>>> print(open('coords.pdb').read())   # PDB, C-alpha atoms and all ligand atoms
ATOM      1  CA  MET A   1     -18.544 -15.562 -42.725
ATOM      2  CA  GLY A   2     -21.187 -12.776 -42.777
ATOM      3  CA  SER A   3     -20.086  -9.159 -43.149
ATOM      4  CA  SER A   4     -21.096  -8.332 -39.555
ATOM      5  CA  LYS A   5     -18.374 -10.767 -38.392
ATOM      6  CA  LEU A   6     -15.796  -8.524 -40.064
ATOM      7  CA  ARG A   7     -16.749  -5.356 -38.198
ATOM      8  CA  LEU A   8     -14.082  -3.931 -35.944
ATOM      9  CA  SER A   9     -14.786  -4.230 -32.229
ATOM     10  CA  GLY A  10     -14.539  -0.416 -31.835
ATOM     11  CA  SER A  11     -17.559   0.243 -34.056
ATOM     12  CA  VAL A  12     -19.514  -2.599 -32.423
ATOM     13  CA  ARG A  13     -18.767  -1.068 -29.036
ATOM     14  CA  ALA A  14     -19.834   2.416 -30.199
ATOM     15  CA  ASP A  15     -23.175   1.041 -31.422
ATOM     16  CA  ALA A  16     -23.720  -0.729 -28.103
ATOM     17  CA  CYS A  17     -22.968   2.461 -26.133
ATOM     18  CA  GLU A  18     -25.468   4.400 -28.231
ATOM     19  CA  GLN A  19     -28.106   1.772 -27.414
ATOM     20  CA  ALA A  20     -27.176   1.874 -23.730
ATOM     21  CA  GLU A  21     -27.973   5.589 -23.536
ATOM     22  CA  LYS A  22     -31.549   4.688 -24.329
ATOM     23  CA  VAL A  23     -31.833   2.444 -21.251
ATOM     24  CA  VAL A  24     -34.633   3.787 -19.032
ATOM     25  CA  ASP A  25     -33.320   5.738 -16.071
ATOM     26  CA  ALA A  26     -35.891   4.394 -13.599
ATOM     27  CA  LYS A  27     -36.039   5.384  -9.935
ATOM     28  CA  ASP A  28     -37.452   1.984  -9.106
ATOM     29  CA  LEU A  29     -35.322   1.355  -6.010
ATOM     30  CA  ASN A  30     -36.473   4.426  -4.094
ATOM     31  CA  GLY A  31     -36.466   3.868  -0.336
ATOM     32  CA  ARG A  32     -34.446   0.644  -0.457
ATOM     33  CA  GLY A  33     -31.151   0.047   1.291
ATOM     34  CA  ALA A  34     -28.437  -1.806  -0.614
ATOM     35  CA  VAL A  35     -25.125  -3.333   0.436
ATOM     36  CA  VAL A  36     -22.513  -3.828  -2.287
ATOM     37  CA  THR A  37     -19.242  -5.606  -1.471
ATOM     38  CA  GLY A  38     -16.031  -4.915  -3.406
ATOM     39  CA  ALA A  39     -17.554  -1.534  -4.265
ATOM     40  CA  ALA A  40     -14.397   0.584  -4.451
ATOM     41  CA  ARG A  41     -13.701  -0.095  -8.119
ATOM     42  CA  GLY A  42     -14.566  -2.153 -11.190
ATOM     43  CA  ILE A  43     -17.940  -3.877 -11.419
ATOM     44  CA  GLY A  44     -18.808  -3.184  -7.754
ATOM     45  CA  LEU A  45     -18.354   0.559  -8.189
ATOM     46  CA  ALA A  46     -20.526   0.560 -11.340
ATOM     47  CA  VAL A  47     -23.213  -1.399  -9.466
ATOM     48  CA  ALA A  48     -23.111   1.058  -6.543
ATOM     49  CA  HIS A  49     -23.558   3.955  -8.996
ATOM     50  CA  ARG A  50     -26.419   2.227 -10.780
ATOM     51  CA  LEU A  51     -28.337   1.359  -7.597
ATOM     52  CA  HIS A  52     -27.795   4.904  -6.305
ATOM     53  CA  ARG A  53     -29.146   6.340  -9.581
ATOM     54  CA  ALA A  54     -32.177   4.073  -9.230
ATOM     55  CA  GLY A  55     -32.929   5.667  -5.850
ATOM     56  CA  ALA A  56     -31.391   3.174  -3.411
ATOM     57  CA  LYS A  57     -29.345   4.217  -0.407
ATOM     58  CA  VAL A  58     -26.060   2.358  -0.831
ATOM     59  CA  ALA A  59     -23.562   0.994   1.690
ATOM     60  CA  MET A  60     -20.258   0.347  -0.060
ATOM     61  CA  LEU A  61     -18.012  -2.283   1.514
ATOM     62  CA  ASP A  62     -14.387  -2.890   0.593
ATOM     63  CA  ARG A  63     -10.932  -3.517   2.034
ATOM     64  CA  LYS A  64      -9.158  -0.876   4.074
ATOM     65  CA  GLU A  65      -6.368  -0.608   1.472
ATOM     66  CA  SER A  66      -8.806   0.127  -1.388
ATOM     67  CA  ASP A  67      -9.939   3.568  -2.592
ATOM     68  CA  LEU A  68     -13.283   3.059  -0.876
ATOM     69  CA  HIS A  69     -13.749   6.513   0.665
ATOM     70  CA  LYS A  70     -12.812   8.279  -2.576
ATOM     71  CA  ALA A  71     -15.221   6.038  -4.485
ATOM     72  CA  ALA A  72     -18.120   6.539  -2.066
ATOM     73  CA  ALA A  73     -17.871  10.334  -1.779
ATOM     74  CA  PRO A  74     -19.582  11.333  -5.086
ATOM     75  CA  LEU A  75     -22.539   9.056  -4.280
ATOM     76  CA  GLY A  76     -22.946  10.176  -0.687
ATOM     77  CA  GLY A  77     -22.510   6.431  -0.130
ATOM     78  CA  ILE A  78     -21.884   4.874   3.259
ATOM     79  CA  ALA A  79     -18.306   3.568   3.175
ATOM     80  CA  ILE A  80     -17.575   0.580   5.407
ATOM     81  CA  GLU A  81     -14.113  -0.972   5.509
ATOM     82  CA  VAL A  82     -14.172  -4.723   5.797
ATOM     83  CA  ASP A  83     -12.175  -7.721   4.657
ATOM     84  CA  VAL A  84     -14.816 -10.204   3.523
ATOM     85  CA  ARG A  85     -12.543 -13.098   4.530
ATOM     86  CA  ASP A  86     -13.174 -12.175   8.182
ATOM     87  CA  SER A  87     -16.492 -13.606   9.360
ATOM     88  CA  ALA A  88     -16.829 -11.451  12.517
ATOM     89  CA  ALA A  89     -15.862  -8.291  10.635
ATOM     90  CA  VAL A  90     -18.454  -9.015   7.939
ATOM     91  CA  GLU A  91     -21.127  -9.502  10.592
ATOM     92  CA  GLU A  92     -20.224  -6.164  12.171
ATOM     93  CA  ALA A  93     -20.145  -4.398   8.786
ATOM     94  CA  ILE A  94     -23.584  -5.709   7.805
ATOM     95  CA  GLN A  95     -24.972  -4.700  11.221
ATOM     96  CA  THR A  96     -23.578  -1.167  10.693
ATOM     97  CA  ALA A  97     -24.995  -1.057   7.156
ATOM     98  CA  HIS A  98     -28.416  -2.155   8.421
ATOM     99  CA  GLU A  99     -28.448   0.571  11.076
ATOM    100  CA  ARG A 100     -27.359   3.303   8.646
ATOM    101  CA  LEU A 101     -29.535   2.223   5.740
ATOM    102  CA  GLU A 102     -32.630   1.860   7.931
ATOM    103  CA  ARG A 103     -33.974  -0.824   5.593
ATOM    104  CA  LEU A 104     -31.586  -3.427   4.191
ATOM    105  CA  SER A 105     -33.350  -5.059   1.265
ATOM    106  CA  ILE A 106     -30.612  -5.556  -1.344
ATOM    107  CA  LEU A 107     -27.297  -7.399  -1.031
ATOM    108  CA  VAL A 108     -24.833  -7.604  -3.925
ATOM    109  CA  ASN A 109     -21.935  -9.952  -3.180
ATOM    110  CA  ASN A 110     -19.343  -8.755  -5.627
ATOM    111  CA  ALA A 111     -15.940  -8.783  -3.852
ATOM    112  CA  GLY A 112     -13.694 -11.236  -5.639
ATOM    113  CA  MET A 113     -10.136 -12.034  -6.661
ATOM    114  CA  GLY A 114      -8.238 -14.639  -8.619
ATOM    115  CA  MET A 115      -4.811 -15.569  -9.934
ATOM    116  CA  LEU A 116      -3.358 -17.310 -12.953
ATOM    117  CA  GLN A 117      -1.028 -20.277 -12.539
ATOM    118  CA  PRO A 118      -1.074 -24.060 -12.945
ATOM    119  CA  LEU A 119      -2.977 -25.949 -10.247
ATOM    120  CA  HIS A 120       0.141 -27.657  -8.836
ATOM    121  CA  GLU A 121       1.821 -24.302  -8.162
ATOM    122  CA  TYR A 122      -0.946 -22.931  -5.927
ATOM    123  CA  THR A 123       0.083 -22.725  -2.269
ATOM    124  CA  ASP A 124      -2.317 -23.504   0.600
ATOM    125  CA  LYS A 125      -2.497 -19.783   1.358
ATOM    126  CA  GLN A 126      -3.411 -18.842  -2.213
ATOM    127  CA  TRP A 127      -6.089 -21.559  -2.344
ATOM    128  CA  ASP A 128      -7.451 -20.464   1.060
ATOM    129  CA  ASP A 129      -7.508 -16.796   0.055
ATOM    130  CA  ILE A 130      -9.298 -17.390  -3.238
ATOM    131  CA  LEU A 131     -11.911 -19.565  -1.531
ATOM    132  CA  ALA A 132     -12.212 -17.108   1.365
ATOM    133  CA  VAL A 133     -12.774 -13.962  -0.701
ATOM    134  CA  ASN A 134     -15.028 -15.408  -3.388
ATOM    135  CA  LEU A 135     -16.978 -18.103  -1.561
ATOM    136  CA  SER A 136     -16.722 -17.632   2.220
ATOM    137  CA  GLY A 137     -17.161 -13.843   1.861
ATOM    138  CA  THR A 138     -20.404 -14.430  -0.030
ATOM    139  CA  PHE A 139     -21.596 -16.905   2.591
ATOM    140  CA  TYR A 140     -20.702 -14.614   5.526
ATOM    141  CA  ALA A 141     -22.503 -11.622   4.006
ATOM    142  CA  MET A 142     -25.608 -13.669   3.165
ATOM    143  CA  ARG A 143     -25.702 -15.209   6.639
ATOM    144  CA  SER A 144     -25.435 -11.785   8.278
ATOM    145  CA  ALA A 145     -27.817  -9.899   5.970
ATOM    146  CA  ILE A 146     -30.641 -12.436   5.619
ATOM    147  CA  PRO A 147     -32.108 -11.946   9.147
ATOM    148  CA  PHE A 148     -32.296  -8.167   8.509
ATOM    149  CA  MET A 149     -33.834  -8.733   5.080
ATOM    150  CA  LEU A 150     -36.441 -11.080   6.542
ATOM    151  CA  GLU A 151     -37.154  -8.527   9.266
ATOM    152  CA  SER A 152     -37.642  -5.748   6.704
ATOM    153  CA  GLY A 153     -40.104  -7.804   4.651
ATOM    154  CA  GLY A 154     -37.746  -9.315   2.083
ATOM    155  CA  GLY A 155     -35.587  -8.286  -0.810
ATOM    156  CA  ALA A 156     -33.085  -9.456  -3.382
ATOM    157  CA  ILE A 157     -29.587 -10.922  -3.259
ATOM    158  CA  VAL A 158     -27.296 -10.960  -6.295
ATOM    159  CA  ASN A 159     -24.077 -12.980  -6.144
ATOM    160  CA  ASN A 160     -21.333 -12.264  -8.653
ATOM    161  CA  ALA A 161     -20.006 -15.592  -9.955
ATOM    162  CA  SER A 162     -18.279 -16.010 -13.352
ATOM    163  CA  VAL A 163     -18.453 -17.978 -16.598
ATOM    164  CA  SER A 164     -15.335 -19.590 -15.150
ATOM    165  CA  ALA A 165     -17.627 -21.575 -12.803
ATOM    166  CA  SER A 166     -19.204 -23.585 -15.600
ATOM    167  CA  SER A 167     -16.339 -23.295 -18.141
ATOM    168  CA  PRO A 168     -13.186 -23.606 -15.982
ATOM    169  CA  THR A 169     -10.250 -21.976 -17.716
ATOM    170  CA  ARG A 170      -6.668 -23.249 -17.333
ATOM    171  CA  GLY A 171      -4.761 -21.325 -14.690
ATOM    172  CA  GLU A 172      -7.677 -20.215 -12.524
ATOM    173  CA  LEU A 173      -9.040 -23.485 -11.174
ATOM    174  CA  PRO A 174      -9.341 -22.453  -7.489
ATOM    175  CA  TYR A 175     -11.286 -19.380  -8.708
ATOM    176  CA  SER A 176     -13.515 -21.596 -10.885
ATOM    177  CA  ALA A 177     -14.177 -23.907  -7.928
ATOM    178  CA  ALA A 178     -15.029 -20.969  -5.647
ATOM    179  CA  LYS A 179     -17.397 -19.444  -8.217
ATOM    180  CA  ALA A 180     -19.106 -22.824  -8.768
ATOM    181  CA  GLY A 181     -19.705 -22.782  -4.999
ATOM    182  CA  VAL A 182     -21.233 -19.304  -5.275
ATOM    183  CA  ILE A 183     -23.733 -20.610  -7.841
ATOM    184  CA  ALA A 184     -24.587 -23.574  -5.594
ATOM    185  CA  LEU A 185     -25.187 -21.226  -2.640
ATOM    186  CA  THR A 186     -27.426 -19.132  -4.881
ATOM    187  CA  HIS A 187     -29.548 -22.076  -6.044
ATOM    188  CA  GLY A 188     -29.959 -23.386  -2.506
ATOM    189  CA  ALA A 189     -30.703 -20.047  -0.841
ATOM    190  CA  ALA A 190     -33.338 -19.233  -3.474
ATOM    191  CA  GLN A 191     -35.192 -22.344  -2.312
ATOM    192  CA  GLU A 192     -34.710 -21.695   1.411
ATOM    193  CA  TYR A 193     -35.772 -18.044   1.353
ATOM    194  CA  GLY A 194     -38.456 -17.871  -1.328
ATOM    195  CA  PRO A 195     -40.912 -16.210  -1.461
ATOM    196  CA  THR A 196     -39.496 -13.544   0.872
ATOM    197  CA  ILE A 197     -36.011 -13.128  -0.578
ATOM    198  CA  ARG A 198     -35.059 -13.707  -4.213
ATOM    199  CA  VAL A 199     -31.507 -14.925  -4.752
ATOM    200  CA  ASN A 200     -29.800 -14.865  -8.150
ATOM    201  CA  ALA A 201     -26.275 -15.059  -9.516
ATOM    202  CA  ILE A 202     -24.639 -13.365 -12.450
ATOM    203  CA  SER A 203     -21.805 -14.839 -14.473
ATOM    204  CA  PRO A 204     -19.878 -12.160 -16.349
ATOM    205  CA  GLY A 205     -17.555 -13.143 -19.176
ATOM    206  CA  VAL A 206     -14.626 -10.814 -19.868
ATOM    207  CA  VAL A 207     -15.249  -7.306 -18.544
ATOM    208  CA  ARG A 208     -12.748  -4.470 -18.566
ATOM    209  CA  THR A 209     -11.732  -3.739 -14.939
ATOM    210  CA  PRO A 210      -8.456  -3.571 -12.990
ATOM    211  CA  MET A 211      -8.832  -7.349 -12.491
ATOM    212  CA  THR A 212      -8.543  -8.054 -16.236
ATOM    213  CA  GLU A 213      -5.801  -5.480 -16.899
ATOM    214  CA  LEU A 214      -3.374  -8.203 -18.035
ATOM    215  CA  LEU A 215      -5.698  -9.388 -20.807
ATOM    216  CA  TYR A 216      -6.351  -5.863 -22.054
ATOM    217  CA  SER A 217      -2.651  -5.121 -22.208
ATOM    218  CA  ASN A 218      -2.162  -7.984 -24.725
ATOM    219  CA  ALA A 219      -3.855  -7.161 -28.035
ATOM    220  CA  GLU A 220      -2.709 -10.454 -29.547
ATOM    221  CA  ILE A 221      -4.709 -12.303 -26.873
ATOM    222  CA  LEU A 222      -7.658  -9.937 -26.639
ATOM    223  CA  GLU A 223      -8.414  -9.577 -30.353
ATOM    224  CA  PRO A 224      -9.075 -13.264 -31.140
ATOM    225  CA  VAL A 225     -11.252 -13.532 -28.025
ATOM    226  CA  GLU A 226     -13.306 -10.531 -29.187
ATOM    227  CA  ARG A 227     -13.515 -11.752 -32.789
ATOM    228  CA  SER A 228     -14.782 -15.183 -31.808
ATOM    229  CA  THR A 229     -17.354 -13.873 -29.308
ATOM    230  CA  PRO A 230     -20.802 -13.644 -30.964
ATOM    231  CA  LEU A 231     -21.173  -9.982 -29.919
ATOM    232  CA  GLN A 232     -17.554  -9.409 -31.082
ATOM    233  CA  ARG A 233     -16.337  -7.581 -28.031
ATOM    234  CA  THR A 234     -15.786  -7.842 -24.300
ATOM    235  CA  GLY A 235     -18.045  -6.148 -21.759
ATOM    236  CA  ASP A 236     -18.168  -2.856 -19.904
ATOM    237  CA  VAL A 237     -18.931  -2.566 -16.197
ATOM    238  CA  ASP A 238     -22.180  -0.687 -16.890
ATOM    239  CA  GLU A 239     -23.471  -3.658 -18.860
ATOM    240  CA  ILE A 240     -23.065  -5.823 -15.760
ATOM    241  CA  ALA A 241     -24.640  -3.129 -13.563
ATOM    242  CA  ASP A 242     -27.704  -3.057 -15.861
ATOM    243  CA  VAL A 243     -28.406  -6.726 -15.175
ATOM    244  CA  VAL A 244     -27.727  -6.392 -11.439
ATOM    245  CA  HIS A 245     -30.169  -3.472 -11.334
ATOM    246  CA  PHE A 246     -32.794  -5.621 -13.067
ATOM    247  CA  LEU A 247     -32.251  -8.490 -10.595
ATOM    248  CA  CYS A 248     -32.566  -6.115  -7.618
ATOM    249  CA  SER A 249     -35.737  -4.482  -8.924
ATOM    250  CA  ASP A 250     -39.349  -5.603  -9.073
ATOM    251  CA  ALA A 251     -38.959  -6.030 -12.848
ATOM    252  CA  SER A 252     -37.428  -9.431 -11.971
ATOM    253  CA  ARG A 253     -40.058 -10.263  -9.326
ATOM    254  CA  PHE A 254     -40.639 -13.773 -10.777
ATOM    255  CA  VAL A 255     -36.928 -14.580 -11.169
ATOM    256  CA  THR A 256     -35.062 -16.486  -8.476
ATOM    257  CA  GLY A 257     -32.346 -19.137  -8.249
ATOM    258  CA  GLN A 258     -30.960 -18.224 -11.669
ATOM    259  CA  ASN A 259     -27.437 -17.743 -12.913
ATOM    260  CA  ILE A 260     -27.596 -15.038 -15.582
ATOM    261  CA  VAL A 261     -24.661 -15.265 -17.980
ATOM    262  CA  ILE A 262     -23.536 -11.829 -19.245
ATOM    263  CA  ASP A 263     -20.755 -12.578 -21.691
ATOM    264  CA  GLY A 264     -21.734 -11.539 -25.218
ATOM    265  CA  GLY A 265     -22.012 -15.241 -26.052
ATOM    266  CA  LEU A 266     -18.392 -15.996 -25.044
ATOM    267  CA  SER A 267     -19.252 -19.277 -23.331
ATOM    268  CA  LEU A 268     -21.411 -20.687 -26.132
ATOM    269  CA  PRO A 269     -19.934 -23.848 -27.652
ATOM    270  CA  GLN A 270     -17.225 -23.047 -30.203
ATOM    271  CA  ALA A 271     -17.268 -19.356 -29.327
ATOM    272  CA  GLY A 272     -14.712 -17.153 -27.542
ATOM    273  CA  ILE A 273     -14.076 -19.379 -24.548
ATOM    274  CA  ASP A 274     -12.123 -21.719 -26.847
ATOM    275  CA  GLU A 275      -9.941 -18.781 -27.883
ATOM    276  CA  THR A 276      -9.409 -17.923 -24.203
ATOM    277  CA  LEU A 277      -8.371 -21.523 -23.565
ATOM    278  CA  LYS A 278      -5.945 -21.419 -26.488
ATOM    279  CA  TRP A 279      -4.180 -18.467 -24.953
ATOM    280  CA  SER A 280      -4.367 -19.412 -21.288
ATOM    281  CA  LEU A 281      -0.864 -20.933 -21.153
ATOM    282  CA  ASP A 282       0.547 -17.720 -22.559
ATOM    283  CA  MET A 283      -1.490 -15.704 -20.052
ATOM    284  CA  MET A 284      -0.145 -17.828 -17.190
ATOM    285  CA  ALA A 285       3.445 -17.231 -18.349
ATOM    286  CA  LYS A 286       2.811 -13.475 -18.507
ATOM    287  CA  ALA A 287       1.191 -13.493 -15.039
ATOM    288  CA  LYS A 288       4.234 -15.383 -13.665
ATOM    289  CA  ALA A 289       6.642 -12.876 -15.240
ATOM    290  CA  LYS A 290       4.629 -10.024 -13.683
ATOM    291  CA  ARG A 291       4.765 -11.657 -10.222
ATOM    292  CA  SER A 292       8.538 -12.280 -10.289
TER     293      SER A 292
HETATM  294  N1  LIG A 301     -13.818  -8.473 -14.705
HETATM  295  C1  LIG A 301     -14.213  -9.620 -15.199
HETATM  296  O1  LIG A 301     -13.967  -9.925 -16.386
HETATM  297  C2  LIG A 301     -15.016 -10.571 -14.349
HETATM  298  C3  LIG A 301     -15.519 -11.724 -14.972
HETATM  299  C4  LIG A 301     -16.274 -12.612 -14.219
HETATM  300  C5  LIG A 301     -16.506 -12.369 -12.877
HETATM  301  N2  LIG A 301     -15.988 -11.251 -12.302
HETATM  302  C6  LIG A 301     -16.274 -11.045 -10.876
HETATM  303  O2  LIG A 301     -16.760  -9.747 -10.680
HETATM  304  C7  LIG A 301     -16.415  -9.280  -9.362
HETATM  305  C8  LIG A 301     -15.756  -7.916  -9.465
HETATM  306  O3  LIG A 301     -14.592  -8.045 -10.250
HETATM  307  P1  LIG A 301     -13.827  -6.826 -10.929
HETATM  308  O4  LIG A 301     -13.440  -7.284 -12.265
HETATM  309  O5  LIG A 301     -14.582  -5.570 -10.745
HETATM  310  O6  LIG A 301     -12.516  -6.860 -10.030
HETATM  311  P2  LIG A 301     -11.666  -5.703  -9.317
HETATM  312  O7  LIG A 301     -10.410  -6.362  -8.896
HETATM  313  O8  LIG A 301     -11.586  -4.496 -10.183
HETATM  314  O9  LIG A 301     -12.571  -5.339  -8.059
HETATM  315  C9  LIG A 301     -12.736  -6.244  -7.001
HETATM  316  C10 LIG A 301     -13.059  -5.471  -5.740
HETATM  317  O10 LIG A 301     -13.185  -6.429  -4.676
HETATM  318  C11 LIG A 301     -12.459  -5.944  -3.573
HETATM  319  N3  LIG A 301     -11.961  -7.029  -2.725
HETATM  320  C12 LIG A 301     -11.034  -7.970  -3.056
HETATM  321  N4  LIG A 301     -10.755  -8.717  -1.987
HETATM  322  C13 LIG A 301     -11.513  -8.253  -0.960
HETATM  323  C14 LIG A 301     -11.654  -8.611   0.403
HETATM  324  N5  LIG A 301     -10.922  -9.602   0.956
HETATM  325  N6  LIG A 301     -12.528  -7.911   1.163
HETATM  326  C15 LIG A 301     -13.250  -6.886   0.622
HETATM  327  N7  LIG A 301     -13.157  -6.510  -0.645
HETATM  328  C16 LIG A 301     -12.292  -7.173  -1.443
HETATM  329  C17 LIG A 301     -11.278  -5.172  -4.189
HETATM  330  O11 LIG A 301     -10.670  -4.269  -3.272
HETATM  331  C18 LIG A 301     -11.940  -4.486  -5.360
HETATM  332  O12 LIG A 301     -12.488  -3.228  -5.020
HETATM  333  C19 LIG A 301     -15.510 -10.361  -8.773
HETATM  334  O13 LIG A 301     -16.254 -11.207  -7.933
HETATM  335  C20 LIG A 301     -15.034 -11.123  -9.994
HETATM  336  O14 LIG A 301     -14.677 -12.434  -9.676
HETATM  337  C21 LIG A 301     -15.236 -10.347 -13.008
END
>>> encode(input="coords.pdb", output="C-alpha cells", more="lines below")
Ligand SMILES: NC(=O)c1ccc[n+]([C@@H]2O[C@H](COP(=O)([O-])OP(=O)(O)OC[C@H]3O[C@@H](n4cnc5c(N)ncnc54)[C@H](O)[C@@H]3O)[C@@H](O)[C@H]2O)c1
Amino acid sequence: MGSSKLRLSGSVRADACEQAEKVVDAKDLNGRGAVVTGAARGIGLAVAHRLHRAGAKVAMLDRKESDLHKAAAPLGGIAIEVDVRDSAAVEEAIQTAHERLERLSILVNNAGMGMLQPLHEYTDKQWDDILAVNLSGTFYAMRSAIPFMLESGGGAIVNNASVSASSPTRGELPYSAAKAGVIALTHGAAQEYGPTIRVNAISPGVVRTPMTELLYSNAEILEPVERSTPLQRTGDVDEIADVVHFLCSDASRFVTGQNIVIDGGLSLPQAGIDETLKWSLDMMAKAKAKRS
C-alpha cells in the first residue's frame, strides 16, 4: 500500500478545499434563467448558489414544509413551493418560474428522497413515494419545462441520479430503480431534443447532506468507506455543484446524454462501494431503530 493510502481523510479534504478555491469564478451563465428542484438544502441549495454566482437568475423549488424561503433570501432567488410528486402543481410551478425568469434555459432536477430497509418490508406507499419524487418528479418537470426551453432557443437539463442506479446497494432498491429510470430518461431525452437542448445526468457517490446524516453519524461505517475510496474521502456539496455548473454552461456544449459519476472513485470495482455493501445490513438496522 502506497503512503498516500495512509493519509487521514481530514488532510486529503483540506488539500481538496485548497484546490477548489482556485476554481475559476466565471460569470458564464449571465442572462440565463435556471430552475432547481429540491433547492432548500443539501446539493440543491449548493447548485442554486453556484448558478447564481455564475450570473443565472434562479428559481428555487421545494416542498412547502422545507426551509425554502430562508434558503432563497440571500440569493434574491425566486422561491416556489411545490411537491414534485404532483404533476399539475409542477406544471404550474414551472409556468410561474418561466414568467418570472423571463428566459428559462436551465433545469436541474435534484429533488430526491430514499429509505433504507429490505425490499420485502417496503409498503406500496413507500415504493410509490420513492418513485414519485425521484422519477415522476423529474419527468413532470422536464415535460413542463421543455416547451419553454425550446421557445427560448434551447438550453441544458441536468438530472440528479446516483451511483445507486448502476451499483444498487442493499436496502435502497426502490431508490436504485427510480434513479436508473432517471438515467434512462436522460439518455432518451438527449436524443429527442438535440441539438436544441442538452440533457445530462450526474451520479453522486456519498456526499455530506441531511440525507446522509445517518452515515456520517457512524464513524465505524464511514471510515472504511472513505479509506477504500480512491480519493479517500466522501464528497462535499460544492463538488457536485461544480459539475452541474459545467453541464449547464457552454463549456460542456458538446456533451449530451451522459451520466457523469462524481464519487471519488467509490463505484470502481473493488473500491468503496464494496465497503458500503459490507455495512448496509448494519445501516438498515440503524435506520429501523431510528424509525421506531
Ligand atoms: N447526498 C448524497 O450522498 C447523494 C448521493 C447520490 C445522489 N443524491 C441525490 O442528490 C439529490 C439531493 O440530495 P441531498 O443529499 O441534497 O438530499 P436532501 O435530503 O438534503 O435534499 C433533498 C431536497 O429535496 C427536497 N424534496 C424532497 N421531496 C420533495 C418533493 N416531494 N417535492 C419537492 N422537493 C422535495 C427536500 O425538501 C430537500 O430540500 C437527490 O436527488 C439525491 O437522491 C444524493
>>> atom_distance(input="coords.pdb", atom1="CA of Pro210 in chain A", atom2="CA of Ala184 in chain A")
26.7 Å
>>> resolve_selection(input="coords.pdb", expression="the PyMOL selection byres (((not hetatm)) within 7 of (chain A and resi 301))", output="JSON, numbers by chain")
{"A": [37, 38, 39, 40, 41, 42, 43, 44, 61, 62, 63, 66, 82, 83, 84, 85, 110, 111, 112, 113, 114, 133, 134, 160, 161, 162, 163, 203, 204, 205, 206, 207, 208, 209, 210, 211, 212]}
>>> resolve_selection(input="coords.pdb", expression="the PyMOL selection byres (((chain A and resi 57-60) around 7) and not hetatm)", output="list in words")
Arg32, Gly33, Ala34, Val35, Val36, Thr37, Ala39, Ala48, His52, Gly55, Ala56, Leu61, Asp62, Ala72, Gly77, Ile78, Ala79, Ile80, Ala97 and Leu101 of chain A
>>> resolve_selection(input="coords.pdb", expression="the PyMOL selection byres (((chain A and resi 29) around 12) and not hetatm)", output="ChimeraX atom specification")
/A:25-28,30-34,50-58,103-106,155-156,245-251
>>> closest_residue(input="coords.pdb", among="A:Gly171, A:Pro230, A:Gly188, A:Gly235", to="Trp279 in chain A", atoms="all atoms listed in the file")
A:Gly171
>>> residues_around(input="coords.pdb", residues="Thr256 in chain A", least_positions_apart="4", cutoff="10 Å", atoms="all atoms listed in the file", output="count of residues only")
18
>>> atom_distance(input="coords.pdb", atom1="CA of Asp263 in chain A", atom2="CA of Leu222 in chain A")
14.2 Å
>>> atom_distance(input="coords.pdb", atom1="CA of Lys64 in chain A", atom2="CA of Ala132 in chain A")
16.7 Å
>>> residues_around(input="coords.pdb", residues="Glu172 in chain A", least_positions_apart="3", cutoff="9 Å", atoms="only C-alpha atoms", output="PyMOL selection string")
chain A and resi 114-119+164+168-169+175-177
>>> closest_residue(input="coords.pdb", among="A:Leu214, A:Leu231, A:Met149, A:Ala89", to="Glu102 in chain A", atoms="all atoms listed in the file")
A:Met149
>>> residues_around(input="coords.pdb", residues="Leu266 in chain A", least_positions_apart="2", cutoff="8 Å", atoms="all atoms listed in the file", output="VMD selection string")
chain A and resid 205 228 to 230 263 to 264 268 271 to 273
>>> residues_around(input="coords.pdb", residues="Leu131 in chain A", least_positions_apart="3", cutoff="8 Å", atoms="all atoms listed in the file", output="PyMOL selection string")
chain A and resi 127-128+134-136+174-175+178
>>> residues_around(input="coords.pdb", residues="Ile221 in chain A", least_positions_apart="2", cutoff="10 Å", atoms="only C-alpha atoms", output="mmCIF file with C-alpha atoms, in the coordinates of the input")
data_model
loop_
_atom_site.group_PDB
_atom_site.id
_atom_site.type_symbol
_atom_site.label_atom_id
_atom_site.label_comp_id
_atom_site.auth_asym_id
_atom_site.auth_seq_id
_atom_site.Cartn_x
_atom_site.Cartn_y
_atom_site.Cartn_z
ATOM 1 C CA LEU A 214 -3.374 -8.203 -18.035
ATOM 2 C CA LEU A 215 -5.698 -9.388 -20.807
ATOM 3 C CA TYR A 216 -6.351 -5.863 -22.054
ATOM 4 C CA SER A 217 -2.651 -5.121 -22.208
ATOM 5 C CA ASN A 218 -2.162 -7.984 -24.725
ATOM 6 C CA ALA A 219 -3.855 -7.161 -28.035
ATOM 7 C CA GLU A 223 -8.414 -9.577 -30.353
ATOM 8 C CA PRO A 224 -9.075 -13.264 -31.140
ATOM 9 C CA VAL A 225 -11.252 -13.532 -28.025
ATOM 10 C CA GLU A 226 -13.306 -10.531 -29.187
ATOM 11 C CA GLU A 275 -9.941 -18.781 -27.883
ATOM 12 C CA THR A 276 -9.409 -17.923 -24.203
ATOM 13 C CA LYS A 278 -5.945 -21.419 -26.488
ATOM 14 C CA TRP A 279 -4.180 -18.467 -24.953
ATOM 15 C CA SER A 280 -4.367 -19.412 -21.288
ATOM 16 C CA ASP A 282 0.547 -17.720 -22.559
ATOM 17 C CA MET A 283 -1.490 -15.704 -20.052
#
>>> closest_residue(input="coords.pdb", among="A:Ile130, A:Ala46, A:Val261, A:Ile240", to="Ser166 in chain A", atoms="only C-alpha atoms")
A:Val261
